[in-house]
$ cat my_file_37.txt   # compact mmCIF, C-alpha atoms
# COMPACT_ATOMS: atom_id res chain seq x y z
CA MET A 148 167.71 -69.74 -186.18
CA SER A 149 167.60 -73.39 -187.18
CA THR A 150 169.11 -74.08 -190.57
CA GLU A 151 166.17 -76.44 -191.20
CA LEU A 152 163.67 -73.59 -191.01
CA VAL A 153 162.45 -72.16 -194.31
CA ILE A 154 160.54 -68.89 -194.13
CA LYS A 155 157.76 -68.79 -196.72
CA VAL A 156 157.45 -65.25 -198.10
CA ALA A 157 154.63 -63.77 -200.20
CA LEU A 158 154.62 -60.47 -202.14
CA ALA A 159 151.61 -58.22 -202.73
CA ASP A 160 152.20 -55.22 -204.98
CA ASP A 161 150.51 -53.99 -208.14
CA HIS A 162 153.80 -53.18 -209.90
CA LYS A 163 155.32 -56.25 -211.55
CA ILE A 164 158.70 -54.54 -212.01
CA PHE A 165 158.92 -53.93 -208.28
CA ARG A 166 157.86 -57.51 -207.45
CA ASP A 167 160.50 -58.83 -209.84
CA GLY A 168 163.10 -56.60 -208.19
CA ILE A 169 162.24 -57.87 -204.70
CA LYS A 170 162.33 -61.48 -205.86
CA MET A 171 165.74 -60.91 -207.42
CA ALA A 172 167.02 -59.16 -204.28
CA LEU A 173 165.88 -62.00 -202.02
CA LYS A 174 166.89 -64.78 -204.38
CA GLY A 175 169.42 -67.07 -202.74
CA LYS A 176 168.96 -65.54 -199.28
CA GLU A 177 169.37 -68.12 -196.55
CA TYR A 178 166.16 -69.47 -194.97
CA LEU A 179 163.84 -67.76 -197.51
CA LYS A 180 161.46 -69.16 -200.12
CA ILE A 181 159.16 -67.00 -202.26
CA LEU A 182 155.79 -68.75 -202.00
CA TRP A 183 153.70 -66.60 -204.34
CA GLU A 184 153.02 -63.03 -205.51
CA ALA A 185 149.78 -61.07 -205.81
CA GLU A 186 149.08 -58.20 -208.18
CA ASP A 187 146.28 -56.55 -206.18
CA GLY A 188 144.34 -56.80 -202.93
CA ARG A 189 141.74 -59.23 -204.23
CA ASP A 190 144.42 -61.53 -205.64
CA LEU A 191 146.16 -61.31 -202.25
CA MET A 192 143.06 -62.44 -200.35
CA HIS A 193 142.48 -65.31 -202.77
CA LYS A 194 146.02 -66.64 -202.53
CA MET A 195 146.09 -66.32 -198.74
CA GLN A 196 143.27 -68.88 -198.64
CA ILE A 197 145.23 -71.31 -200.82
CA LYS A 198 148.72 -71.11 -199.31
CA LYS A 199 149.44 -69.17 -196.12
CA PRO A 200 152.93 -67.59 -195.94
CA ASP A 201 154.98 -66.95 -192.82
CA VAL A 202 155.75 -63.38 -193.89
CA LEU A 203 153.79 -61.11 -196.22
CA LEU A 204 155.50 -58.15 -197.91
CA MET A 205 152.63 -55.81 -198.74
CA ASP A 206 152.17 -52.41 -200.35
CA ILE A 207 149.58 -49.96 -199.02
CA ARG A 208 148.15 -48.63 -202.27
CA MET A 209 146.76 -51.53 -204.34
CA PRO A 210 143.72 -51.89 -206.63
CA GLU A 211 140.58 -53.76 -205.52
CA VAL A 212 141.46 -54.01 -201.79
CA ASP A 213 144.12 -51.57 -200.56
CA GLY A 214 146.65 -52.33 -197.84
CA VAL A 215 144.80 -50.42 -195.13
CA ASN A 216 141.66 -52.49 -195.59
CA ALA A 217 143.63 -55.67 -196.24
CA ILE A 218 145.59 -55.53 -193.00
CA GLY A 219 142.36 -55.32 -190.99
CA ILE A 220 141.08 -58.48 -192.65
CA LEU A 221 144.41 -60.27 -192.45
CA ARG A 222 144.81 -59.64 -188.73
CA LYS A 223 141.42 -61.24 -188.06
CA GLU A 224 141.87 -64.22 -190.34
CA TYR A 225 145.63 -64.84 -190.21
CA SER A 226 146.87 -63.48 -186.90
CA ASP A 227 150.12 -65.48 -187.00
CA VAL A 228 151.30 -64.16 -190.37
CA LYS A 229 154.00 -61.49 -190.06
CA ILE A 230 153.11 -58.43 -192.12
CA VAL A 231 155.92 -56.24 -193.46
CA VAL A 232 154.56 -53.08 -195.07
CA LEU A 233 156.73 -52.11 -198.04
CA THR A 234 155.58 -48.84 -199.57
CA MET A 235 156.52 -45.43 -200.95
CA TYR A 236 154.70 -43.61 -198.13
CA ASP A 237 156.80 -42.41 -195.21
CA GLU A 238 154.27 -40.13 -193.50
CA GLN A 239 154.28 -40.58 -189.71
CA GLU A 240 150.49 -40.72 -189.56
CA MET A 241 150.39 -43.66 -191.98
CA ILE A 242 153.23 -45.45 -190.19
CA THR A 243 151.54 -45.29 -186.78
CA LYS A 244 148.19 -46.25 -188.29
CA MET A 245 149.59 -49.39 -189.92
CA LYS A 246 151.51 -50.32 -186.77
CA GLU A 247 148.39 -49.90 -184.65
CA MET A 248 146.46 -52.07 -187.10
CA GLY A 249 148.97 -54.87 -186.69
CA ALA A 250 151.91 -54.43 -189.07
CA ASN A 251 155.04 -56.15 -187.76
CA ALA A 252 157.38 -53.90 -189.73
CA TYR A 253 157.17 -50.81 -191.91
CA LEU A 254 159.71 -50.12 -194.66
CA THR A 255 159.85 -47.79 -197.63
CA LYS A 256 160.58 -49.05 -201.12
CA THR A 257 163.89 -47.22 -201.03
CA SER A 258 165.09 -49.60 -198.28
CA ASP A 259 168.24 -51.59 -198.94
CA PRO A 260 167.49 -55.25 -199.83
CA GLU A 261 169.58 -56.31 -196.87
CA GLU A 262 167.31 -54.35 -194.51
CA ILE A 263 164.24 -56.03 -196.02
CA TYR A 264 165.91 -59.40 -195.43
CA GLN A 265 166.80 -58.48 -191.84
CA ALA A 266 163.25 -57.23 -191.22
CA ILE A 267 161.87 -60.61 -192.32
CA LEU A 268 164.25 -62.53 -190.03
CA THR A 269 163.65 -60.19 -187.08
CA CYS A 270 159.86 -60.40 -187.40
CA MET A 271 160.11 -64.19 -187.35
CA ASN A 272 162.37 -64.14 -184.28
CA ASP A 273 161.12 -61.11 -182.31
CA ASP A 274 157.65 -60.47 -183.82
CA PHE A 275 158.50 -56.85 -184.66
CA TYR A 276 161.19 -54.97 -186.55
CA PHE A 277 161.83 -51.39 -185.46
CA ASN A 278 163.84 -48.99 -187.61
CA ASP A 279 164.46 -45.25 -187.30
CA LEU A 280 161.39 -44.50 -189.42
CA VAL A 281 159.05 -46.38 -187.08
CA ASN A 282 160.77 -45.21 -183.90
CA LYS A 283 160.36 -41.54 -184.87
CA ALA A 284 156.70 -42.00 -185.80
CA VAL A 285 155.82 -43.85 -182.60
CA LEU A 286 157.66 -41.41 -180.34
CA SER A 287 156.20 -38.43 -182.16
CA LYS A 288 152.68 -39.70 -181.53
CA LEU A 289 153.40 -40.34 -177.87
CA GLN A 290 154.82 -36.85 -177.46
CA THR A 291 151.75 -35.21 -179.00
CA LYS A 292 149.44 -36.79 -176.44
CA LYS A 293 148.44 -34.66 -173.49
CA GLN A 294 151.09 -34.26 -170.80
CA VAL A 295 150.88 -37.02 -168.25
CA ARG A 296 150.67 -36.07 -164.60
CA GLN A 297 153.27 -37.41 -162.20
CA PHE A 298 150.66 -39.48 -160.36
CA TYR A 299 147.77 -41.30 -161.94
CA PRO A 300 144.34 -42.18 -160.45
CA ASN A 301 144.75 -45.56 -162.17
CA PRO A 302 148.24 -46.94 -162.88
CA ILE A 303 149.11 -47.40 -166.52
CA LYS A 304 148.88 -51.00 -167.61
CA PHE A 305 152.07 -52.65 -168.79
CA SER A 306 152.34 -56.01 -170.55
CA GLU A 307 154.09 -58.91 -168.81
CA LYS A 308 157.07 -58.38 -171.12
CA GLU A 309 157.26 -54.68 -170.23
CA ILE A 310 157.08 -55.44 -166.49
CA LYS A 311 159.86 -57.99 -166.83
CA ILE A 312 162.02 -55.44 -168.66
CA LEU A 313 161.21 -52.83 -165.98
CA LYS A 314 162.35 -55.23 -163.24
CA LEU A 315 165.56 -55.97 -165.12
CA LEU A 316 166.21 -52.24 -165.49
CA ALA A 317 165.70 -51.85 -161.74
CA ALA A 318 168.27 -54.63 -161.27
CA ASP A 319 170.76 -52.45 -163.21
CA LYS A 320 170.91 -54.82 -166.19
CA THR A 321 172.34 -53.50 -169.46
CA THR A 322 170.40 -53.49 -172.74
CA GLU A 323 172.47 -56.44 -173.96
CA GLU A 324 171.81 -58.42 -170.77
CA ILE A 325 168.08 -57.71 -170.93
CA SER A 326 168.07 -58.67 -174.61
CA LYS A 327 169.41 -62.14 -173.78
CA GLU A 328 166.96 -62.64 -170.91
CA VAL A 329 163.78 -61.76 -172.79
CA PHE A 330 164.91 -62.98 -176.24
CA LEU A 331 164.46 -59.67 -178.04
CA SER A 332 166.98 -57.65 -180.03
CA PRO A 333 168.77 -54.74 -178.29
CA ARG A 334 167.06 -52.28 -180.64
CA THR A 335 163.64 -53.66 -179.68
CA ILE A 336 164.54 -53.38 -175.98
CA GLU A 337 165.55 -49.74 -176.46
CA THR A 338 162.27 -48.97 -178.24
CA ILE A 339 160.14 -50.69 -175.59
CA ARG A 340 162.06 -48.85 -172.85
CA GLN A 341 161.53 -45.49 -174.57
CA ASN A 342 157.83 -46.21 -175.08
CA MET A 343 157.46 -47.09 -171.38
CA LYS A 344 159.10 -43.80 -170.39
CA SER A 345 156.74 -41.91 -172.68
CA LYS A 346 153.72 -43.71 -171.26
CA VAL A 347 154.43 -42.52 -167.72
CA GLY A 348 155.96 -39.18 -168.63
CA ALA A 349 159.41 -40.10 -167.29
CA LYS A 350 162.47 -38.37 -168.73
CA THR A 351 164.99 -40.87 -167.38
CA ILE A 352 165.27 -44.56 -166.55
CA ALA A 353 165.40 -43.57 -162.88
CA GLY A 354 162.04 -41.83 -163.26
CA LEU A 355 160.59 -44.92 -164.90
CA ILE A 356 161.87 -47.13 -162.09
CA MET A 357 160.46 -44.75 -159.47
CA TYR A 358 157.07 -44.99 -161.16
CA GLY A 359 157.31 -48.78 -161.03
CA MET A 360 158.14 -48.71 -157.32
CA ARG A 361 155.32 -46.27 -156.47
CA ASN A 362 152.79 -48.46 -158.25
CA LYS A 363 154.24 -51.70 -156.83
CA LEU A 364 155.30 -53.05 -160.23
CA ILE A 365 158.75 -53.66 -158.81
CA ASP A 366 159.24 -55.74 -155.65
$ encode --input "my_file_37.txt" --output "structure tokens"
Amino acid sequence: MSTELVIKVALADDHKIFRDGIKMALKGKEYLKILWEAEDGRDLMHKMQIKKPDVLLMDIRMPEVDGVNAIGILRKEYSDVKIVVLTMYDEQEMITKMKEMGANAYLTKTSDPEEIYQAILTCMNDDFYFNDLVNKAVLSKLQTKKQVRQFYPNPIKFSEKEIKILKLLAADKTTEEISKEVFLSPRTIETIRQNMKSKVGAKTIAGLIMYGMRNKLID
């Protein structure tokens, strides 16, 4: 990351003590600047119109406009802002809901300050930050879906990034090698790979590659 880049961070939480704690934890961190703080959802929406941050640290439960409603509005109006949910709630249903609505990262308030800092940097570099909490929630939801048949009437759609990763897997590239080629962290590569396996019902990388060959995703 360029040393000239300053990441503008905003905080939205209705507890001043918590906001003060986050500001203290992030104070002096390289590349970061606290732009503003909001005490509730309405204050958040107002300040977003005045000064747009690069990264928003946001609680779910807030007066006026809660985080669930706020993220829907934010994703329509400020699609380029990275949203890091920072909350007390660790239920898998809430995690997957917020991720599906557009959260770039999901952390609990018990997270170490260093992890919050790394989540901010990773979201700026890779768009998303995956931790064990998110990985378990995403995989759990995939596993509860109906069992996928070995062959599909219509092939599952993969993104261009997923197809590129699939081709690199078929070329016997390691996670580290793929990471360098597609400019994503190794952890993100592992999560994408696992999600692709779950999509097609494959238990192994070999099964995933076979699916790609059958459906002509791999030359």
$ atom_distance --input "my_file_37.txt" --atom1 "CA of Gly354 in chain A" --atom2 "CA of Val329 in chain A"
22.2 Å
$ atom_distance --input "my_file_37.txt" --atom1 "CA of Ile169 in chain A" --atom2 "CA of Pro260 in chain A"
7.6 Å
$ atom_distance --input "my_file_37.txt" --atom1 "CA of Asp167 in chain A" --atom2 "CA of Leu204 in chain A"
13.0 Å
$ residues_around --input "my_file_37.txt" --residues "Met241 in chain A" --least-positions-apart "4" --cutoff "12 Å" --atoms "all atoms listed in the file" --output "list in words"
Ile207, Arg208, Gly214, Val215, Val232, Thr234, Met235, Tyr236, Asp237, Met245, Lys246, Glu247, Met248, Ala250, Tyr253, Leu254, Thr255, Leu280, Val281, Ala284, Val285 and Lys288 of chain A
$ closest_residue --input "my_file_37.txt" --among "A:Asp160, A:Glu238, A:Asp274, A:Asp259" --to "Val202 in chain A" --atoms "all atoms listed in the file"
A:Asp274
$ residues_around --input "my_file_37.txt" --residues "Glu323 in chain A" --least-positions-apart "5" --cutoff "10 Å" --atoms "only C-alpha atoms" --output "NGL selection string"
:A and (328 or 331-334 or 336-337)
$ write_last_selection --input "my_file_37.txt" --atoms "C-alpha atoms" --output "PDB file, in the frame of the given file"
ATOM      1  CA  GLU A 328     166.960 -62.640-170.910  1.00  0.00           C
ATOM      2  CA  LEU A 331     164.460 -59.670-178.040  1.00  0.00           C
ATOM      3  CA  SER A 332     166.980 -57.650-180.030  1.00  0.00           C
ATOM      4  CA  PRO A 333     168.770 -54.740-178.290  1.00  0.00           C
ATOM      5  CA  ARG A 334     167.060 -52.280-180.640  1.00  0.00           C
ATOM      6  CA  ILE A 336     164.540 -53.380-175.980  1.00  0.00           C
ATOM      7  CA  GLU A 337     165.550 -49.740-176.460  1.00  0.00           C
TER       8      GLU A 337
END
$ residues_around --input "my_file_37.txt" --residues "Ile267 in chain A" --least-positions-apart "6" --cutoff "10 Å" --atoms "all atoms listed in the file" --output "list in words"
Ile154, Val156, Leu179, Asp201, Val202, Leu203, Leu204, Lys229, Ile230, Val231, Asn251, Ala252, Glu261, Asp274, Phe275 and Tyr276 of chain A
$ closest_residue --input "my_file_37.txt" --among "A:Gly219, A:Gly168, A:Gly348, A:Pro200" --to "Met271 in chain A" --atoms "only C-alpha atoms"
A:Pro200
$ closest_residue --input "my_file_37.txt" --among "A:Ala266, A:Ala353, A:Leu233, A:Val347" --to "Ile303 in chain A" --atoms "only C-alpha atoms"
A:Val347
$ residues_around --input "my_file_37.txt" --residues "Lys199 in chain A" --least-positions-apart "6" --cutoff "9 Å" --atoms "all atoms listed in the file" --output "number ranges by chain"
A: 155, 157, 182, 225, 228
$ residues_around --input "my_file_37.txt" --residues "Ile356 in chain A" --least-positions-apart "4" --cutoff "7 Å" --atoms "only C-alpha atoms" --output "JSON, numbers by chain"
{"A": [313, 317, 352, 360]}
$ write_last_selection --input "my_file_37.txt" --atoms "C-alpha atoms" --output "PDB file, in the coordinates of the input"
ATOM      1  CA  LEU A 313     161.210 -52.830-165.980  1.00  0.00           C
ATOM      2  CA  ALA A 317     165.700 -51.850-161.740  1.00  0.00           C
ATOM      3  CA  ILE A 352     165.270 -44.560-166.550  1.00  0.00           C
ATOM      4  CA  MET A 360     158.140 -48.710-157.320  1.00  0.00           C
TER       5      MET A 360
END
$ decode --input "my_file_37.txt" --residues "range 229-280 of chain A" --atoms "C-alpha atoms" --output "PDB file, in the first residue's frame"
ATOM      1  CA  LYS A 229     -16.268  -0.263   2.546  1.00  0.00           C
ATOM      2  CA  ILE A 230     -18.600  -1.259   5.378  1.00  0.00           C
ATOM      3  CA  VAL A 231     -17.162  -3.060   8.396  1.00  0.00           C
ATOM      4  CA  VAL A 232     -19.906  -4.245  10.737  1.00  0.00           C
ATOM      5  CA  LEU A 233     -18.719  -4.012  14.342  1.00  0.00           C
ATOM      6  CA  THR A 234     -21.313  -5.383  16.735  1.00  0.00           C
ATOM      7  CA  MET A 235     -22.068  -7.567  19.750  1.00  0.00           C
ATOM      8  CA  TYR A 236     -24.137  -9.997  17.668  1.00  0.00           C
ATOM      9  CA  ASP A 237     -22.418 -13.161  16.489  1.00  0.00           C
ATOM     10  CA  GLU A 238     -25.456 -15.143  15.295  1.00  0.00           C
ATOM     11  CA  GLN A 239     -24.802 -16.874  11.959  1.00  0.00           C
ATOM     12  CA  GLU A 240     -28.133 -15.730  10.540  1.00  0.00           C
ATOM     13  CA  MET A 241     -27.270 -12.074  11.164  1.00  0.00           C
ATOM     14  CA  ILE A 242     -23.743 -12.496   9.780  1.00  0.00           C
ATOM     15  CA  THR A 243     -24.933 -14.003   6.489  1.00  0.00           C
ATOM     16  CA  LYS A 244     -27.721 -11.426   6.208  1.00  0.00           C
ATOM     17  CA  MET A 245     -25.323  -8.496   6.570  1.00  0.00           C
ATOM     18  CA  LYS A 246     -22.831 -10.066   4.155  1.00  0.00           C
ATOM     19  CA  GLU A 247     -25.564 -10.633   1.586  1.00  0.00           C
ATOM     20  CA  MET A 248     -26.673  -7.023   1.983  1.00  0.00           C
ATOM     21  CA  GLY A 249     -23.179  -5.801   1.177  1.00  0.00           C
ATOM     22  CA  ALA A 250     -21.008  -5.711   4.304  1.00  0.00           C
ATOM     23  CA  ASN A 251     -17.319  -6.010   3.438  1.00  0.00           C
ATOM     24  CA  ALA A 252     -16.391  -7.376   6.860  1.00  0.00           C
ATOM     25  CA  TYR A 253     -18.151  -8.529  10.018  1.00  0.00           C
ATOM     26  CA  LEU A 254     -16.479  -8.304  13.432  1.00  0.00           C
ATOM     27  CA  THR A 255     -17.688  -8.528  17.008  1.00  0.00           C
ATOM     28  CA  LYS A 256     -16.914  -5.841  19.550  1.00  0.00           C
ATOM     29  CA  THR A 257     -14.695  -8.295  21.385  1.00  0.00           C
ATOM     30  CA  SER A 258     -12.295  -8.305  18.414  1.00  0.00           C
ATOM     31  CA  ASP A 259      -8.702  -7.317  19.066  1.00  0.00           C
ATOM     32  CA  PRO A 260      -7.936  -3.747  17.875  1.00  0.00           C
ATOM     33  CA  GLU A 261      -5.252  -5.168  15.616  1.00  0.00           C
ATOM     34  CA  GLU A 262      -7.848  -7.320  13.830  1.00  0.00           C
ATOM     35  CA  ILE A 263     -10.071  -4.269  13.311  1.00  0.00           C
ATOM     36  CA  TYR A 264      -7.076  -2.458  11.811  1.00  0.00           C
ATOM     37  CA  GLN A 265      -6.240  -5.412   9.556  1.00  0.00           C
ATOM     38  CA  ALA A 266      -9.889  -5.682   8.466  1.00  0.00           C
ATOM     39  CA  ILE A 267      -9.828  -2.032   7.380  1.00  0.00           C
ATOM     40  CA  LEU A 268      -6.613  -2.492   5.379  1.00  0.00           C
ATOM     41  CA  THR A 269      -7.795  -5.766   3.820  1.00  0.00           C
ATOM     42  CA  CYS A 270     -11.146  -4.303   2.755  1.00  0.00           C
ATOM     43  CA  MET A 271      -9.311  -1.449   1.055  1.00  0.00           C
ATOM     44  CA  ASN A 272      -6.947  -3.842  -0.732  1.00  0.00           C
ATOM     45  CA  ASP A 273      -9.110  -6.920  -1.368  1.00  0.00           C
ATOM     46  CA  ASP A 274     -12.678  -5.574  -0.955  1.00  0.00           C
ATOM     47  CA  PHE A 275     -13.544  -8.185   1.675  1.00  0.00           C
ATOM     48  CA  TYR A 276     -12.148  -9.405   4.980  1.00  0.00           C
ATOM     49  CA  PHE A 277     -12.949 -12.991   5.933  1.00  0.00           C
ATOM     50  CA  ASN A 278     -12.416 -14.278   9.456  1.00  0.00           C
ATOM     51  CA  ASP A 279     -13.401 -17.555  11.122  1.00  0.00           C
ATOM     52  CA  LEU A 280     -16.732 -16.073  12.228  1.00  0.00           C
TER      53      LEU A 280
END
